[in-house]
Amino acid sequence: MSQFFSYLKSHWELVVLLLFFGWLFFDLLSSHTLLEINGSLYSAGSTWGDLPYHLTLITNFKERGLIDVLKNDPLYFGEQTRYPFALDYFSSLLMKVGLNLRWSIILPSFIALLALVVLIYLLVLKITKKRVAAFLTPFLFILNGSTFALYYFFKDFAQSGQSLVHFIQNLSIQYTHLSQHQIEFSNVVADFLLPQRTIVLGLVFACLALYFLWNYWETKKSKNLLWAGIIIGLMPAVHTHLFLALVIFCGFLFLIQWIFYHELRIKDWLLCALPVLVLALGPTLWFFPFGNKSFFRVQWGWMAKETFFWLFWFKNLGLYLIFIIAGFIIALQLNHQKKITSFYSASIGIFVLANIFIFQPWEFDNTKIFMLWFFLSTIIIAVFFDYLFRKKNWGYKIIAFVLLLITLLPGILAVQKERANRYVLYSPVDQALATFVQKNTKPTDLFLTTDKHNNPISSLAGRRILMGYRGWLWSHGIDYSDRYKDLARIYQGADDAYQLINKYSPDYILIERYPANDWVINFEYFRNSFPVVYENPGYILYKAEEE
C-alpha cells in the first residue's frame with residue numbers, strides 16, 4: 001500500500017486526472033441515469049435516446065437470465081439478441097444482489113471510466129516515456145471535437161442577443177455533431193461514453209490489448225501476443241466494433257513487421273491469432289449475421305458524400321488533423337521513433353478501411369471502428385504538445401497552451417451541453433405501469449405495444465415485446481417492415497386484427513392514451529373486445545383474450 005501511495009505522490013498528474021475526470025463522470029452519470037425529480041426519471045443528451053435500450057437488456061437479464069435473452073431479443077420476439085452484452089449483464093447481476101436499477105448502471109460505468117483514464121495514462125507513459133504526453137492524452141481523447149464547431153457556436157451566440165455566460169449555461173445544440181454541416185465525428189463523451197455504455201468497457205479492454213501489443217512491439221517477447229490475443233478474443237461480448245478494429249490493427253502490425261522490418265514472425269502472431277479464433281469465432285458469428293447485406297458494404301469516404309475527402313476530414317477533425325501530422329514528424333525524432341511511428345501506422349489501416357467499408361446498417365456507427373485509430377492519434381498529438389511544452393523558450397509554452405485550449409474548447413462545450421440539459425425519460429404513470437406489470441405478470445409473458453423507445457414494459461418491467469423502437473431494430477439489421485404493418489392493422493382494429501393477434505399470440509396488449517402520430521389506435525375496438533387488467537392516465541393494459 002505504501003508503494004501505491006508513493007507512486008501516486010511521484011505521479012501527481014495521475015491524481016489530478018482522477019480527481020477531474022472522477023468529478024466530471026460522476027456528475028454526468030448522475031444526471032443522465034434515471035435522476036429522480038418530482039417523481040419523474042430524467043436523462044439528457046443522446047443518452048435519453050439510448051439508455052432505454054440498455055435498461056431493456058439489464059431488466060430482461062434480471063428477469064429471464066442470460067441465455068434466454070440472447071436466444072430471444074426482448075425488443076423483437078423471435079429474433080436473437082445481437083448486441084455485446086457484458087456490461088449490461090454485469091449490471092443485472094448487481095440488481096440481483098440488491099442494487100437498484102439506477103446504481104447498477106452508474107457504479108460499474110463510473111469504475112470503468114476511471115479505469116480507462118488510468119490505463120490511458122499508463123499506456124501513453126509506457127509508449128512515449130513522457131509524463132506530459134501521458135497527462136494530456138486523456139483530455140485530448142475525451143474532450144475532443146472539431147475546431148470548426150467554434151465557428152458555428154460563436155455565430156449562434158452573436159445572433160442570440162444573450163450574454164456569453166447565459167448562452168453557455170443554456171446550450172441547446174451539440175456543436176461537435178452537426179450533420180447539417182457534415183461534422184459527424186463527434187465528441188467522445190456526448191455520443192459514446194454516456195449513451196453507448198458498452199464502449200466504456202470496450203475501451204478498457206482495448207487499452208489492455210494495446211499494452212501487450214506495445215510490449216511485444218518493444219521487446220519482441222511473444223508471450224505478450226498471447227495475452228493480447230486472449231483479451232481480443234474476449235471482446236465480441238464486450239464491444240464488437242472495437243474487436244474488429246483491434247483485429248485490423250493486429251493485421252497491419254503483422255504486415256508492417258514483415259514488409260518494413262523484414263521480420264516474418266508467423267509463430268509469434270499465431271500465439272495471438274489462436275486464442276482470438278478459439279474465443280471469438282462463435283460470438284462473432286452470433287453478433288454479426290453475415291447473410292445480412294446491410295452489415296457490410298462499400299461506401300467510399302465514409303460520410304463525405306460529394307465533399308472532397310480531405311476537406312471532409314479537416315472539417316471533422318479541425319486542428320487535430322494538423323497536430324497528428326506534426327506529432328508524427330516529431331515522433332520520428334525520438335530515440336525509439338521507429339517503434340512509435342510504425343506502431344501508430346498500423347492504426348492508419350483502420351482509418352483507411354473504415355473510409356472504404358461500412359460495417360453495419362447505420363453508417364454513423366463506423367465511428368466505433370474509427371475510435372481506436374483516433375485514440376492512438378491523440379497519443380501522437382500529445383507528443384506534439386509535449387515537444388512544445390518542453391521548449392525552454394516561454395513563447396513556445398504560451399503557444400502550446402493557447403493551441404491546447406482552442407483544441408479542447410469544442411469538447412468542453414459539448415460536455416457543458418450535456419451538463420446543462422435534462423429531459424423526462426419516464427413519468428410517474430410510466431413507472432406505475434411498469435410496477436404493476438412486474439408484480440402481476442410472468443417474466444415470459446409477451447406484450448404487444450407501439451415502438452416508442454422509452455417503453456416502460458420492456459425497459460423498466462423487463463418484459464418481452466413484439467416490436468420495439470424501429471431505429472434500434474434497423475441498426476441491428478432486423479427487417480421489421482411486415483411486422484410493423486401487422487401491428488399497425490391490429491391497433492387500427494382492422495377486419496383481420498384478431499387473426500393477426502392470433503398469429504403473434506401476445507399475452508397482453510398495451511394501449512397508449514396519447515400515442516405517437518404514426519400509430520392510429522381504435523380505442524373502441526379494444527374496449528369492446530378485450531378485458532382491462534390495468535389502466536392509469538397514460539395507459540390501458542388489456543389481456544389478449546376475447547371477453
# chains A, B, ... in the order shown; residues from 1 in each chain; ligands from 1
>>> residues_around(residues="stretch 243-245 of chain A", least_positions_apart="3", cutoff="10 Å", atoms="only C-alpha atoms", output="count of residues only")
34
>>> select_by_dssp(residues="stretch 270-450 of chain A", states="alpha helix (DSSP H)", output="NGL selection string")
:A and (270-287 or 309-317 or 319-331 or 337-354 or 367-389 or 394-420 or 428-440)
>>> atom_distance(atom1="atom CA of A:Leu107", atom2="atom CA of A:Leu17")
18.8 Å
>>> select_by_dssp(residues="stretch 192-373 of chain A", states="strand (DSSP E or B)", output="list of chain:residue names")
A:Arg297, A:Val298, A:Phe357, A:Ile358
>>> closest_residue(among="A:Ile105, A:Leu271, A:Leu210, A:Val424", to="A:Val124", atoms="only C-alpha atoms")
A:Leu210
>>> residues_around(residues="stretch 468-472 of chain A", least_positions_apart="3", cutoff="8 Å", atoms="only C-alpha atoms", output="MDAnalysis selection string")
chainID A and resid 75:76 449:453 465 475:476 480
>>> residues_around(residues="A:Tyr320", least_positions_apart="4", cutoff="8 Å", atoms="only C-alpha atoms", output="list in words")
Ser146, Ile324, Ile381 and Thr407 of chain A
>>> decode(residues="stretch 88-122 of chain A", atoms="N, CA, C and O atoms", output="PDB file, in the first residue's frame")
ATOM      1  N   ASP A  88     -23.940  -4.740 -19.551  1.00  0.00           N
ATOM      2  CA  ASP A  88     -25.347  -4.734 -19.146  1.00  0.00           C
ATOM      3  C   ASP A  88     -25.692  -5.978 -18.326  1.00  0.00           C
ATOM      4  O   ASP A  88     -26.479  -5.893 -17.374  1.00  0.00           O
ATOM      5  N   TYR A  89     -25.097  -7.103 -18.678  1.00  0.00           N
ATOM      6  CA  TYR A  89     -25.350  -8.313 -17.889  1.00  0.00           C
ATOM      7  C   TYR A  89     -24.761  -8.164 -16.488  1.00  0.00           C
ATOM      8  O   TYR A  89     -25.388  -8.578 -15.496  1.00  0.00           O
ATOM      9  N   PHE A  90     -23.602  -7.550 -16.381  1.00  0.00           N
ATOM     10  CA  PHE A  90     -22.999  -7.318 -15.060  1.00  0.00           C
ATOM     11  C   PHE A  90     -23.909  -6.429 -14.217  1.00  0.00           C
ATOM     12  O   PHE A  90     -24.080  -6.656 -13.016  1.00  0.00           O
ATOM     13  N   SER A  91     -24.509  -5.410 -14.859  1.00  0.00           N
ATOM     14  CA  SER A  91     -25.443  -4.544 -14.125  1.00  0.00           C
ATOM     15  C   SER A  91     -26.647  -5.339 -13.624  1.00  0.00           C
ATOM     16  O   SER A  91     -27.148  -5.088 -12.516  1.00  0.00           O
ATOM     17  N   SER A  92     -27.100  -6.304 -14.412  1.00  0.00           N
ATOM     18  CA  SER A  92     -28.237  -7.125 -13.967  1.00  0.00           C
ATOM     19  C   SER A  92     -27.858  -7.976 -12.755  1.00  0.00           C
ATOM     20  O   SER A  92     -28.692  -8.213 -11.873  1.00  0.00           O
ATOM     21  N   LEU A  93     -26.610  -8.418 -12.702  1.00  0.00           N
ATOM     22  CA  LEU A  93     -26.150  -9.175 -11.541  1.00  0.00           C
ATOM     23  C   LEU A  93     -26.105  -8.298 -10.296  1.00  0.00           C
ATOM     24  O   LEU A  93     -26.416  -8.759  -9.188  1.00  0.00           O
ATOM     25  N   LEU A  94     -25.728  -7.033 -10.483  1.00  0.00           N
ATOM     26  CA  LEU A  94     -25.730  -6.105  -9.350  1.00  0.00           C
ATOM     27  C   LEU A  94     -27.149  -5.895  -8.825  1.00  0.00           C
ATOM     28  O   LEU A  94     -27.359  -5.748  -7.617  1.00  0.00           O
ATOM     29  N   MET A  95     -28.114  -5.873  -9.735  1.00  0.00           N
ATOM     30  CA  MET A  95     -29.511  -5.752  -9.292  1.00  0.00           C
ATOM     31  C   MET A  95     -29.928  -6.973  -8.479  1.00  0.00           C
ATOM     32  O   MET A  95     -30.659  -6.849  -7.488  1.00  0.00           O
ATOM     33  N   LYS A  96     -29.461  -8.140  -8.898  1.00  0.00           N
ATOM     34  CA  LYS A  96     -29.851  -9.358  -8.193  1.00  0.00           C
ATOM     35  C   LYS A  96     -29.297  -9.410  -6.768  1.00  0.00           C
ATOM     36  O   LYS A  96     -29.866 -10.082  -5.904  1.00  0.00           O
ATOM     37  N   VAL A  97     -28.181  -8.701  -6.530  1.00  0.00           N
ATOM     38  CA  VAL A  97     -27.622  -8.694  -5.172  1.00  0.00           C
ATOM     39  C   VAL A  97     -28.100  -7.491  -4.370  1.00  0.00           C
ATOM     40  O   VAL A  97     -27.606  -7.252  -3.261  1.00  0.00           O
ATOM     41  N   GLY A  98     -29.047  -6.714  -4.923  1.00  0.00           N
ATOM     42  CA  GLY A  98     -29.668  -5.681  -4.109  1.00  0.00           C
ATOM     43  C   GLY A  98     -29.568  -4.252  -4.590  1.00  0.00           C
ATOM     44  O   GLY A  98     -30.264  -3.375  -4.064  1.00  0.00           O
ATOM     45  N   LEU A  99     -28.714  -3.958  -5.576  1.00  0.00           N
ATOM     46  CA  LEU A  99     -28.619  -2.592  -6.072  1.00  0.00           C
ATOM     47  C   LEU A  99     -29.855  -2.250  -6.900  1.00  0.00           C
ATOM     48  O   LEU A  99     -30.397  -3.120  -7.585  1.00  0.00           O
ATOM     49  N   ASN A 100     -30.283  -0.992  -6.831  1.00  0.00           N
ATOM     50  CA  ASN A 100     -31.414  -0.613  -7.677  1.00  0.00           C
ATOM     51  C   ASN A 100     -30.936  -0.374  -9.104  1.00  0.00           C
ATOM     52  O   ASN A 100     -29.739  -0.376  -9.389  1.00  0.00           O
ATOM     53  N   LEU A 101     -31.881  -0.156 -10.011  1.00  0.00           N
ATOM     54  CA  LEU A 101     -31.567  -0.048 -11.433  1.00  0.00           C
ATOM     55  C   LEU A 101     -30.620   1.112 -11.714  1.00  0.00           C
ATOM     56  O   LEU A 101     -29.670   0.969 -12.496  1.00  0.00           O
ATOM     57  N   ARG A 102     -30.864   2.247 -11.100  1.00  0.00           N
ATOM     58  CA  ARG A 102     -30.032   3.437 -11.323  1.00  0.00           C
ATOM     59  C   ARG A 102     -28.573   3.189 -10.950  1.00  0.00           C
ATOM     60  O   ARG A 102     -27.664   3.421 -11.742  1.00  0.00           O
ATOM     61  N   TRP A 103     -28.346   2.655  -9.757  1.00  0.00           N
ATOM     62  CA  TRP A 103     -26.964   2.489  -9.295  1.00  0.00           C
ATOM     63  C   TRP A 103     -26.279   1.265  -9.915  1.00  0.00           C
ATOM     64  O   TRP A 103     -25.051   1.205  -9.973  1.00  0.00           O
ATOM     65  N   SER A 104     -27.072   0.316 -10.375  1.00  0.00           N
ATOM     66  CA  SER A 104     -26.465  -0.818 -11.078  1.00  0.00           C
ATOM     67  C   SER A 104     -25.865  -0.371 -12.409  1.00  0.00           C
ATOM     68  O   SER A 104     -24.993  -1.055 -12.970  1.00  0.00           O
ATOM     69  N   ILE A 105     -26.316   0.769 -12.928  1.00  0.00           N
ATOM     70  CA  ILE A 105     -25.754   1.336 -14.148  1.00  0.00           C
ATOM     71  C   ILE A 105     -24.610   2.285 -13.822  1.00  0.00           C
ATOM     72  O   ILE A 105     -23.530   2.223 -14.415  1.00  0.00           O
ATOM     73  N   ILE A 106     -24.829   3.174 -12.855  1.00  0.00           N
ATOM     74  CA  ILE A 106     -23.830   4.206 -12.539  1.00  0.00           C
ATOM     75  C   ILE A 106     -22.540   3.599 -12.012  1.00  0.00           C
ATOM     76  O   ILE A 106     -21.443   3.967 -12.460  1.00  0.00           O
ATOM     77  N   LEU A 107     -22.638   2.677 -11.062  1.00  0.00           N
ATOM     78  CA  LEU A 107     -21.445   2.169 -10.367  1.00  0.00           C
ATOM     79  C   LEU A 107     -20.445   1.501 -11.314  1.00  0.00           C
ATOM     80  O   LEU A 107     -19.268   1.905 -11.345  1.00  0.00           O
ATOM     81  N   PRO A 108     -20.835   0.494 -12.101  1.00  0.00           N
ATOM     82  CA  PRO A 108     -19.837  -0.128 -12.992  1.00  0.00           C
ATOM     83  C   PRO A 108     -19.344   0.820 -14.077  1.00  0.00           C
ATOM     84  O   PRO A 108     -18.175   0.760 -14.469  1.00  0.00           O
ATOM     85  N   SER A 109     -20.211   1.714 -14.560  1.00  0.00           N
ATOM     86  CA  SER A 109     -19.781   2.676 -15.578  1.00  0.00           C
ATOM     87  C   SER A 109     -18.741   3.625 -15.009  1.00  0.00           C
ATOM     88  O   SER A 109     -17.734   3.931 -15.662  1.00  0.00           O
ATOM     89  N   PHE A 110     -18.964   4.102 -13.794  1.00  0.00           N
ATOM     90  CA  PHE A 110     -18.032   5.040 -13.155  1.00  0.00           C
ATOM     91  C   PHE A 110     -16.676   4.395 -12.918  1.00  0.00           C
ATOM     92  O   PHE A 110     -15.623   4.982 -13.226  1.00  0.00           O
ATOM     93  N   ILE A 111     -16.692   3.175 -12.394  1.00  0.00           N
ATOM     94  CA  ILE A 111     -15.426   2.463 -12.133  1.00  0.00           C
ATOM     95  C   ILE A 111     -14.686   2.209 -13.442  1.00  0.00           C
ATOM     96  O   ILE A 111     -13.473   2.398 -13.531  1.00  0.00           O
ATOM     97  N   ALA A 112     -15.417   1.789 -14.483  1.00  0.00           N
ATOM     98  CA  ALA A 112     -14.789   1.522 -15.777  1.00  0.00           C
ATOM     99  C   ALA A 112     -14.216   2.797 -16.396  1.00  0.00           C
ATOM    100  O   ALA A 112     -13.140   2.769 -17.003  1.00  0.00           O
ATOM    101  N   LEU A 113     -14.904   3.919 -16.229  1.00  0.00           N
ATOM    102  CA  LEU A 113     -14.406   5.189 -16.775  1.00  0.00           C
ATOM    103  C   LEU A 113     -13.127   5.627 -16.079  1.00  0.00           C
ATOM    104  O   LEU A 113     -12.180   6.100 -16.732  1.00  0.00           O
ATOM    105  N   LEU A 114     -13.070   5.492 -14.752  1.00  0.00           N
ATOM    106  CA  LEU A 114     -11.840   5.837 -14.030  1.00  0.00           C
ATOM    107  C   LEU A 114     -10.712   4.883 -14.422  1.00  0.00           C
ATOM    108  O   LEU A 114      -9.557   5.308 -14.581  1.00  0.00           O
ATOM    109  N   ALA A 115     -11.041   3.597 -14.570  1.00  0.00           N
ATOM    110  CA  ALA A 115     -10.026   2.629 -15.007  1.00  0.00           C
ATOM    111  C   ALA A 115      -9.505   2.990 -16.390  1.00  0.00           C
ATOM    112  O   ALA A 115      -8.305   2.858 -16.666  1.00  0.00           O
ATOM    113  N   LEU A 116     -10.393   3.469 -17.242  1.00  0.00           N
ATOM    114  CA  LEU A 116      -9.984   3.875 -18.590  1.00  0.00           C
ATOM    115  C   LEU A 116      -8.990   5.027 -18.532  1.00  0.00           C
ATOM    116  O   LEU A 116      -7.965   5.007 -19.236  1.00  0.00           O
ATOM    117  N   VAL A 117      -9.266   6.018 -17.705  1.00  0.00           N
ATOM    118  CA  VAL A 117      -8.351   7.163 -17.574  1.00  0.00           C
ATOM    119  C   VAL A 117      -6.979   6.702 -17.088  1.00  0.00           C
ATOM    120  O   VAL A 117      -5.937   7.120 -17.615  1.00  0.00           O
ATOM    121  N   VAL A 118      -6.958   5.830 -16.087  1.00  0.00           N
ATOM    122  CA  VAL A 118      -5.688   5.317 -15.551  1.00  0.00           C
ATOM    123  C   VAL A 118      -4.934   4.529 -16.619  1.00  0.00           C
ATOM    124  O   VAL A 118      -3.717   4.702 -16.798  1.00  0.00           O
ATOM    125  N   LEU A 119      -5.642   3.672 -17.343  1.00  0.00           N
ATOM    126  CA  LEU A 119      -4.994   2.855 -18.371  1.00  0.00           C
ATOM    127  C   LEU A 119      -4.454   3.708 -19.521  1.00  0.00           C
ATOM    128  O   LEU A 119      -3.378   3.421 -20.053  1.00  0.00           O
ATOM    129  N   ILE A 120      -5.187   4.745 -19.892  1.00  0.00           N
ATOM    130  CA  ILE A 120      -4.680   5.651 -20.934  1.00  0.00           C
ATOM    131  C   ILE A 120      -3.380   6.288 -20.480  1.00  0.00           C
ATOM    132  O   ILE A 120      -2.394   6.330 -21.221  1.00  0.00           O
ATOM    133  N   TYR A 121      -3.370   6.780 -19.248  1.00  0.00           N
ATOM    134  CA  TYR A 121      -2.153   7.414 -18.710  1.00  0.00           C
ATOM    135  C   TYR A 121      -0.983   6.439 -18.718  1.00  0.00           C
ATOM    136  O   TYR A 121       0.117   6.772 -19.203  1.00  0.00           O
ATOM    137  N   LEU A 122      -1.197   5.234 -18.181  1.00  0.00           N
ATOM    138  CA  LEU A 122      -0.105   4.261 -18.079  1.00  0.00           C
ATOM    139  C   LEU A 122       0.367   3.799 -19.453  1.00  0.00           C
ATOM    140  O   LEU A 122       1.573   3.628 -19.678  1.00  0.00           O
TER     141      LEU A 122
END
